[in-house]
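As stored in work15.txt (compact mmCIF, C-alpha atoms and all ligand atoms):
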```
# COMPACT_ATOMS: atom_id res chain seq x y z
CA MET A 1 -2.00 14.00 -8.77
CA THR A 2 -0.81 12.66 -12.11
CA ILE A 3 2.26 10.67 -13.02
CA THR A 4 3.88 13.93 -14.15
CA SER A 5 3.12 15.80 -10.93
CA ILE A 6 4.21 12.82 -8.83
CA LYS A 7 7.56 12.71 -10.66
CA LYS A 8 7.96 16.50 -10.38
CA SER A 9 7.47 16.33 -6.61
CA LYS A 10 10.91 14.81 -6.14
CA GLY A 11 13.05 17.25 -4.21
CA VAL A 12 10.14 19.72 -3.99
CA LYS A 13 7.67 18.32 -1.47
CA PRO A 14 7.23 15.02 0.38
CA LEU A 15 4.48 12.79 -1.02
CA VAL A 16 1.80 11.26 1.21
CA MET A 17 0.68 7.74 0.31
CA ILE A 18 -1.75 5.72 2.40
CA THR A 19 -3.49 2.41 1.89
CA ALA A 20 -7.26 1.96 1.65
CA TYR A 21 -9.37 -1.10 0.98
CA ASP A 22 -12.91 0.24 0.78
CA ALA A 23 -14.98 3.22 -0.32
CA LEU A 24 -15.79 4.37 3.23
CA PHE A 25 -12.19 4.84 4.32
CA ALA A 26 -10.99 5.96 0.87
CA LYS A 27 -13.39 8.92 1.11
CA LEU A 28 -12.05 9.81 4.57
CA LEU A 29 -8.39 9.48 3.54
CA GLU A 30 -8.64 11.24 0.17
CA PRO A 31 -8.40 14.88 1.33
CA SER A 32 -5.06 14.36 3.11
CA SER A 33 -3.24 12.04 0.73
CA ASP A 34 -1.49 12.35 -2.65
CA MET A 35 -1.83 8.69 -3.60
CA ILE A 36 -3.98 5.83 -2.32
CA LEU A 37 -2.54 2.33 -2.47
CA VAL A 38 -4.90 -0.61 -2.51
CA GLY A 39 -2.25 -2.77 -0.87
CA ASP A 40 -2.32 -6.54 -0.70
CA SER A 41 -1.82 -5.92 3.03
CA LEU A 42 -5.63 -6.07 2.96
CA ASN A 43 -5.16 -9.83 3.10
CA MET A 44 -3.87 -9.34 6.67
CA SER A 45 -5.74 -6.37 8.09
CA PHE A 46 -9.01 -6.88 6.19
CA ALA A 47 -9.13 -10.66 5.61
CA GLY A 48 -7.30 -11.67 8.82
CA ARG A 49 -4.66 -13.86 7.15
CA ASP A 50 -1.10 -14.20 8.46
CA ASP A 51 0.61 -12.74 5.40
CA THR A 52 -0.20 -11.24 2.00
CA LEU A 53 0.47 -14.29 -0.13
CA SER A 54 -3.04 -15.64 -0.54
CA ALA A 55 -4.53 -12.38 -1.85
CA THR A 56 -6.01 -12.96 -5.31
CA LEU A 57 -6.31 -10.72 -8.35
CA GLU A 58 -10.11 -10.89 -8.05
CA GLN A 59 -9.92 -9.63 -4.45
CA MET A 60 -7.59 -6.79 -5.47
CA ILE A 61 -9.92 -5.80 -8.32
CA TYR A 62 -12.95 -5.87 -5.99
CA HIS A 63 -11.24 -3.65 -3.38
CA THR A 64 -9.72 -1.33 -6.00
CA ASN A 65 -13.20 -0.71 -7.43
CA ALA A 66 -14.48 0.14 -3.96
CA VAL A 67 -11.59 2.56 -3.34
CA CYS A 68 -12.01 4.19 -6.78
CA LYS A 69 -15.69 4.75 -6.00
CA GLY A 70 -14.91 6.33 -2.61
CA ALA A 71 -12.00 8.51 -3.76
CA GLU A 72 -12.93 9.62 -7.26
CA ASN A 73 -10.33 12.41 -7.34
CA SER A 74 -7.38 10.40 -6.06
CA PHE A 75 -4.43 8.81 -7.79
CA ILE A 76 -5.01 5.12 -7.04
CA ILE A 77 -2.50 2.28 -7.24
CA CYS A 78 -3.54 -1.39 -7.27
CA ASP A 79 -1.03 -3.78 -5.72
CA MET A 80 -0.47 -6.85 -7.90
CA PRO A 81 -0.75 -9.92 -5.64
CA PHE A 82 1.73 -12.77 -5.30
CA GLY A 83 2.05 -14.93 -8.42
CA THR A 84 0.33 -12.52 -10.80
CA TYR A 85 3.50 -11.16 -12.44
CA ILE A 86 5.79 -14.19 -12.64
CA ASN A 87 6.76 -13.37 -16.22
CA LYS A 88 6.19 -10.60 -18.78
CA ASN A 89 3.15 -12.11 -20.42
CA VAL A 90 1.37 -13.09 -17.21
CA ALA A 91 2.12 -9.64 -15.77
CA LEU A 92 0.75 -7.84 -18.82
CA GLU A 93 -2.38 -9.99 -19.02
CA ASN A 94 -3.16 -9.40 -15.34
CA SER A 95 -2.32 -5.68 -15.43
CA ILE A 96 -4.59 -5.21 -18.44
CA LYS A 97 -7.35 -6.95 -16.45
CA VAL A 98 -6.82 -4.45 -13.61
CA PHE A 99 -6.87 -1.48 -16.01
CA GLN A 100 -9.95 -2.75 -17.85
CA GLU A 101 -11.96 -3.71 -14.77
CA THR A 102 -11.05 -0.79 -12.47
CA ASP A 103 -10.19 2.91 -12.71
CA ALA A 104 -6.79 2.43 -11.03
CA HIS A 105 -4.13 4.75 -12.44
CA ALA A 106 -1.20 2.41 -11.83
CA ILE A 107 -0.17 -0.98 -10.51
CA LYS A 108 2.58 -1.87 -8.02
CA ILE A 109 4.88 -4.86 -8.20
CA GLU A 110 7.52 -6.08 -5.74
CA GLY A 111 11.11 -6.62 -6.88
CA GLY A 112 14.16 -4.77 -8.19
CA GLU A 113 16.76 -5.74 -10.80
CA ASP A 114 15.12 -9.18 -11.13
CA LYS A 115 11.81 -7.59 -12.16
CA ALA A 116 13.22 -4.84 -14.42
CA ASP A 117 12.33 -6.70 -17.65
CA ILE A 118 8.75 -7.12 -16.50
CA ILE A 119 8.43 -3.45 -15.45
CA LYS A 120 9.88 -2.37 -18.82
CA TYR A 121 7.44 -4.57 -20.72
CA LEU A 122 4.46 -3.26 -18.73
CA CYS A 123 5.52 0.36 -19.20
CA SER A 124 6.01 -0.16 -22.95
CA ASN A 125 2.41 -1.42 -23.02
CA SER A 126 1.00 1.70 -21.33
CA ILE A 127 0.77 0.28 -17.81
CA ALA A 128 2.01 2.78 -15.20
CA VAL A 129 4.17 0.97 -12.65
CA CYS A 130 5.11 1.79 -9.08
CA GLY A 131 8.07 -0.34 -7.98
CA HIS A 132 8.62 -1.81 -4.51
CA ILE A 133 12.12 -2.68 -3.30
CA GLY A 134 13.80 -3.52 0.01
CA LEU A 135 11.78 -5.73 2.35
CA LEU A 136 9.27 -7.51 0.11
CA PRO A 137 6.26 -8.86 2.04
CA GLN A 138 5.45 -11.29 -0.79
CA SER A 139 8.88 -12.93 -0.21
CA VAL A 140 8.34 -13.45 3.52
CA ARG A 141 8.02 -17.23 3.30
CA GLY A 142 10.96 -17.55 0.88
CA ASP A 143 13.09 -15.23 3.05
CA GLY A 144 12.10 -16.95 6.31
CA GLY A 145 10.55 -13.86 7.90
CA TYR A 146 10.39 -10.08 7.65
CA LYS A 147 14.02 -8.98 7.51
CA ILE A 148 15.49 -5.49 7.31
CA LYS A 149 17.42 -5.11 4.04
CA GLY A 150 20.70 -3.40 3.13
CA LYS A 151 22.51 -4.19 6.37
CA THR A 152 25.70 -5.40 4.64
CA LYS A 153 27.77 -3.57 2.02
CA GLU A 154 26.63 -6.07 -0.65
CA GLY A 155 23.01 -5.68 0.42
CA ARG A 156 23.26 -1.89 0.25
CA LEU A 157 24.86 -1.96 -3.22
CA GLN A 158 22.20 -4.41 -4.44
CA LEU A 159 19.44 -2.06 -3.25
CA ILE A 160 21.02 0.82 -5.18
CA LYS A 161 21.19 -1.43 -8.26
CA ASP A 162 17.54 -2.39 -7.68
CA ALA A 163 16.44 1.25 -7.43
CA LYS A 164 18.31 2.21 -10.61
CA ALA A 165 16.97 -0.81 -12.50
CA VAL A 166 13.38 0.01 -11.49
CA GLU A 167 13.85 3.64 -12.58
CA GLU A 168 15.51 2.70 -15.88
CA ALA A 169 12.71 0.20 -16.59
CA GLY A 170 10.25 3.10 -16.55
CA ALA A 171 8.54 3.05 -13.13
CA PHE A 172 7.22 6.50 -12.11
CA CYS A 173 7.96 6.00 -8.41
CA MET A 174 8.87 3.22 -5.99
CA VAL A 175 8.13 2.09 -2.48
CA LEU A 176 11.21 1.39 -0.35
CA GLU A 177 10.44 -0.81 2.64
CA GLY A 178 12.39 -1.91 5.70
CA VAL A 179 15.87 -0.41 5.27
CA LYS A 180 18.06 1.63 7.61
CA ALA A 181 17.65 5.39 7.27
CA ASP A 182 21.16 6.11 5.95
CA VAL A 183 20.81 3.44 3.25
CA ALA A 184 17.38 4.80 2.30
CA ALA A 185 18.85 8.30 1.96
CA GLU A 186 21.57 6.97 -0.36
CA ILE A 187 19.04 5.08 -2.49
CA THR A 188 16.77 8.14 -2.68
CA ALA A 189 19.67 10.28 -3.89
CA SER A 190 20.66 7.72 -6.51
CA VAL A 191 17.45 7.93 -8.58
CA ASN A 192 15.39 10.71 -10.18
CA ILE A 193 11.94 9.30 -9.39
CA PRO A 194 10.23 9.62 -6.00
CA VAL A 195 11.12 7.00 -3.39
CA ILE A 196 8.25 6.47 -0.95
CA GLY A 197 9.49 5.02 2.32
CA ILE A 198 7.90 2.67 4.83
CA GLY A 199 10.25 1.82 7.67
CA ALA A 200 12.95 3.70 5.77
CA GLY A 201 13.48 6.87 7.82
CA VAL A 202 12.77 10.46 6.95
CA ASP A 203 15.26 11.18 4.14
CA VAL A 204 13.09 9.82 1.34
CA ASP A 205 10.64 11.53 -1.05
CA GLY A 206 7.47 10.56 0.81
CA GLN A 207 5.95 8.08 3.21
CA VAL A 208 3.36 5.32 3.02
CA LEU A 209 1.53 3.72 5.93
CA VAL A 210 -1.17 1.09 6.13
CA PHE A 211 -4.27 3.02 7.24
CA SER A 212 -5.38 0.43 9.79
CA ASP A 213 -1.91 0.57 11.41
CA MET A 214 -1.74 4.36 11.67
CA LEU A 215 -5.31 4.58 12.97
CA GLY A 216 -4.50 1.98 15.64
CA LEU A 217 -7.15 -0.42 14.38
CA PHE A 218 -4.88 -3.39 13.64
CA GLU A 219 -3.97 -4.98 16.96
CA ALA A 220 -2.21 -8.24 15.96
CA PHE A 221 1.25 -6.58 15.96
CA THR A 222 2.73 -3.12 15.45
CA PRO A 223 5.97 -2.80 13.50
CA LYS A 224 8.54 -0.31 14.90
CA PHE A 225 8.03 2.07 11.97
CA VAL A 226 4.30 2.54 12.62
CA LYS A 227 3.06 5.62 14.43
CA LYS A 228 -0.49 5.23 15.75
CA TYR A 229 -2.10 8.64 15.22
CA ILE A 230 -5.17 7.53 17.15
CA ASP A 231 -5.96 4.49 19.28
CA GLY A 232 -8.73 3.40 16.90
CA ALA A 233 -9.21 -0.04 18.47
CA SER A 234 -9.92 1.42 21.93
CA LEU A 235 -12.21 4.10 20.50
CA VAL A 236 -14.24 1.54 18.53
CA LYS A 237 -14.42 -0.93 21.41
CA SER A 238 -15.55 1.69 23.90
CA ALA A 239 -18.18 3.09 21.48
CA VAL A 240 -19.59 -0.39 20.86
CA GLN A 241 -19.54 -1.14 24.60
CA ASN A 242 -21.55 2.07 25.14
CA TYR A 243 -24.08 0.99 22.54
CA SER A 244 -24.30 -2.47 24.07
CA ASP A 245 -24.85 -1.04 27.59
CA GLU A 246 -27.53 1.35 26.33
CA VAL A 247 -29.38 -1.42 24.49
CA LYS A 248 -29.32 -3.65 27.57
CA ASN A 249 -30.52 -0.77 29.80
CA ARG A 250 -33.20 0.27 27.29
CA GLU A 251 -31.54 3.71 27.03
CA PHE A 252 -31.30 3.42 23.25
CA PRO A 253 -33.20 4.33 21.12
CA LYS A 254 -34.44 7.56 22.66
CA GLU A 255 -37.33 9.63 21.37
CA GLU A 256 -35.11 11.51 18.85
CA HIS A 257 -34.16 8.17 17.24
CA THR A 258 -37.72 6.95 17.02
CA TYR A 259 -40.37 7.43 14.28
O1 LIG A 301 0.42 -3.96 0.70
C1 LIG A 301 0.75 -2.86 1.17
O2 LIG A 301 0.00 -2.22 1.93
C2 LIG A 301 2.05 -2.34 0.81
C3 LIG A 301 2.58 -1.20 1.62
C4 LIG A 301 3.06 -1.70 2.92
C5 LIG A 301 3.60 -0.43 0.89
O3 LIG A 301 2.69 -2.84 -0.06
```
For the structure just supplied, provide its representation as structure tokens.
Ligand code: KIV
Amino acid sequence: MTITSIKKSKGVKPLVMITAYDALFAKLLEPSSDMILVGDSLNMSFAGRDDTLSATLEQMIYHTNAVCKGAENSFIICDMPFGTYINKNVALENSIKVFQETDAHAIKIEGGEDKADIIKYLCSNSIAVCGHIGLLPQSVRGDGGYKIKGKTKEGRLQLIKDAKAVEEAGAFCMVLEGVKADVAAEITASVNIPVIGIGAGVDVDGQVLVFSDMLGLFEAFTPKFVKKYIDGASLVKSAVQNYSDEVKNREFPKEEHTY
């Protein structure tokens, strides 16, 4: 995929985005995805923290390099962590660092109308930007929890303003998180760039899921919008239990595993 083909997909075919944090999984996910997001959700599912806020730019660069190595043919987006795009200059300095130190094709930042100036400045300096509107995980402490957006008329109109502002600022696509399906459909119809939903229903231009959620590996909690395509946690636990039993019973290694 390229920015041009991603933009051209709108109204033609749904886009598949998935997160990855390392080379091993990136290689496995690459054949079935259009874009790989190195999400700051890695701070929760990889680093075991309660939210995404303590992810650092250095961590994101480290994981983005691993993903780029594992999925050399993929379109890769690096999520800018909390506090790394508080104004135009900070955002540009940090985005340049990501572009110079990794092979990521784009960065993602959370925010709508309030971040339009920053998105515009990044785009005018050759940084490709994926927006992220609706429920913003980096605002979870400020908002007092994870709250579905666009439930009131004002909230819905603000989301449409946000989507238009992100598009006008030059983003090539945007993530739309945690909004009711009818609102998501209205937002998707109001812009000409792809809207990638997560917890936003089916009437959007594509979907994104966190890989450890959809593979059933993350057990701490499962949001309503997640479908577990396999029960990864049970599979892993039972495989490791098997290994443990075989070691204890001296059934492993067998002759075929021995020099
Ligand atoms: O960090 C992340 O994985 C994300 C997705 C949930 C869109 O931002």
Each residue of chain A lying at most 10 Å from ligand LIG 301 (chain A) should get a row with its shortest atom-to-atom pair and the distance in Å to one decimal, counting only C-alpha atoms and all ligand atoms; could you produce that, ordered by chain and increasing number, as JSON lines?
```
{"residue": "A:Met17", "atom": "CA", "partner": "A:LIG301", "partner_atom": "C5", "distance": 8.7}
{"residue": "A:Ile18", "atom": "CA", "partner": "A:LIG301", "partner_atom": "O2", "distance": 8.1}
{"residue": "A:Thr19", "atom": "CA", "partner": "A:LIG301", "partner_atom": "O2", "distance": 5.8}
{"residue": "A:Ala20", "atom": "CA", "partner": "A:LIG301", "partner_atom": "O2", "distance": 8.4}
{"residue": "A:Tyr21", "atom": "CA", "partner": "A:LIG301", "partner_atom": "O2", "distance": 9.5}
{"residue": "A:Ile36", "atom": "CA", "partner": "A:LIG301", "partner_atom": "O2", "distance": 9.9}
{"residue": "A:Leu37", "atom": "CA", "partner": "A:LIG301", "partner_atom": "O2", "distance": 6.8}
{"residue": "A:Val38", "atom": "CA", "partner": "A:LIG301", "partner_atom": "O2", "distance": 6.8}
{"residue": "A:Gly39", "atom": "CA", "partner": "A:LIG301", "partner_atom": "O1", "distance": 3.3}
{"residue": "A:Asp40", "atom": "CA", "partner": "A:LIG301", "partner_atom": "O1", "distance": 4.0}
{"residue": "A:Ser41", "atom": "CA", "partner": "A:LIG301", "partner_atom": "O1", "distance": 3.8}
{"residue": "A:Leu42", "atom": "CA", "partner": "A:LIG301", "partner_atom": "O1", "distance": 6.8}
{"residue": "A:Asn43", "atom": "CA", "partner": "A:LIG301", "partner_atom": "O1", "distance": 8.4}
{"residue": "A:Met44", "atom": "CA", "partner": "A:LIG301", "partner_atom": "O1", "distance": 9.1}
{"residue": "A:Ser45", "atom": "CA", "partner": "A:LIG301", "partner_atom": "O2", "distance": 9.4}
{"residue": "A:Asp51", "atom": "CA", "partner": "A:LIG301", "partner_atom": "O1", "distance": 10.0}
{"residue": "A:Thr52", "atom": "CA", "partner": "A:LIG301", "partner_atom": "O1", "distance": 7.4}
{"residue": "A:Cys78", "atom": "CA", "partner": "A:LIG301", "partner_atom": "O1", "distance": 9.3}
{"residue": "A:Asp79", "atom": "CA", "partner": "A:LIG301", "partner_atom": "O1", "distance": 6.6}
{"residue": "A:Met80", "atom": "CA", "partner": "A:LIG301", "partner_atom": "O1", "distance": 9.1}
{"residue": "A:Pro81", "atom": "CA", "partner": "A:LIG301", "partner_atom": "O1", "distance": 8.8}
{"residue": "A:Lys108", "atom": "CA", "partner": "A:LIG301", "partner_atom": "O3", "distance": 8.0}
{"residue": "A:Ile109", "atom": "CA", "partner": "A:LIG301", "partner_atom": "O3", "distance": 8.7}
{"residue": "A:Glu110", "atom": "CA", "partner": "A:LIG301", "partner_atom": "O3", "distance": 8.1}
{"residue": "A:Gly131", "atom": "CA", "partner": "A:LIG301", "partner_atom": "O3", "distance": 9.9}
{"residue": "A:His132", "atom": "CA", "partner": "A:LIG301", "partner_atom": "O3", "distance": 7.5}
{"residue": "A:Ile133", "atom": "CA", "partner": "A:LIG301", "partner_atom": "C5", "distance": 9.8}
{"residue": "A:Leu135", "atom": "CA", "partner": "A:LIG301", "partner_atom": "C4", "distance": 9.6}
{"residue": "A:Leu136", "atom": "CA", "partner": "A:LIG301", "partner_atom": "O3", "distance": 8.1}
{"residue": "A:Pro137", "atom": "CA", "partner": "A:LIG301", "partner_atom": "O3", "distance": 7.3}
{"residue": "A:Gln138", "atom": "CA", "partner": "A:LIG301", "partner_atom": "O3", "distance": 8.9}
{"residue": "A:Met174", "atom": "CA", "partner": "A:LIG301", "partner_atom": "C5", "distance": 9.4}
{"residue": "A:Val175", "atom": "CA", "partner": "A:LIG301", "partner_atom": "C5", "distance": 6.2}
{"residue": "A:Leu176", "atom": "CA", "partner": "A:LIG301", "partner_atom": "C5", "distance": 7.9}
{"residue": "A:Glu177", "atom": "CA", "partner": "A:LIG301", "partner_atom": "C5", "distance": 7.1}
{"residue": "A:Gly178", "atom": "CA", "partner": "A:LIG301", "partner_atom": "C4", "distance": 9.7}
{"residue": "A:Ile196", "atom": "CA", "partner": "A:LIG301", "partner_atom": "C5", "distance": 8.5}
{"residue": "A:Gly197", "atom": "CA", "partner": "A:LIG301", "partner_atom": "C5", "distance": 8.2}
{"residue": "A:Ile198", "atom": "CA", "partner": "A:LIG301", "partner_atom": "C5", "distance": 6.6}
{"residue": "A:Gly199", "atom": "CA", "partner": "A:LIG301", "partner_atom": "C4", "distance": 9.3}
{"residue": "A:Gln207", "atom": "CA", "partner": "A:LIG301", "partner_atom": "C5", "distance": 9.1}
{"residue": "A:Val208", "atom": "CA", "partner": "A:LIG301", "partner_atom": "C5", "distance": 6.1}
{"residue": "A:Leu209", "atom": "CA", "partner": "A:LIG301", "partner_atom": "C4", "distance": 6.4}
{"residue": "A:Val210", "atom": "CA", "partner": "A:LIG301", "partner_atom": "O2", "distance": 5.5}
{"residue": "A:Phe211", "atom": "CA", "partner": "A:LIG301", "partner_atom": "O2", "distance": 8.6}
{"residue": "A:Ser212", "atom": "CA", "partner": "A:LIG301", "partner_atom": "O2", "distance": 9.9}
```
Quick one: everything within 12 Å of Tyr62 (chain A), counting only C-alpha atoms, minus sequence neighbours fewer than 2 positions away in the same chain. Send it as a ChimeraX atom specification.
/A:21-23,38,40,42,55-60,64-69,78,97-98,101-104
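One distance worth recording is that between CA of Ala171 (chain A) and CA of Val129 (chain A), which is 4.9 Å.
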Best match for closeness to Lys115 (chain A) among A:Gln241, A:Asn87, A:Ser190, A:Ser139, counting all atoms listed in the file
A:Asn87
For region 22-30 of chain A, I'd like the enclosing box, axis-aligned and padded by 4 Å on every side, reported as JSON with centre and edge lengths in Å to one decimal.
```
{"center_x": -12.1, "center_y": 5.7, "center_z": 2.1, "size_x": 15.4, "size_y": 19.0, "size_z": 12.9}
```
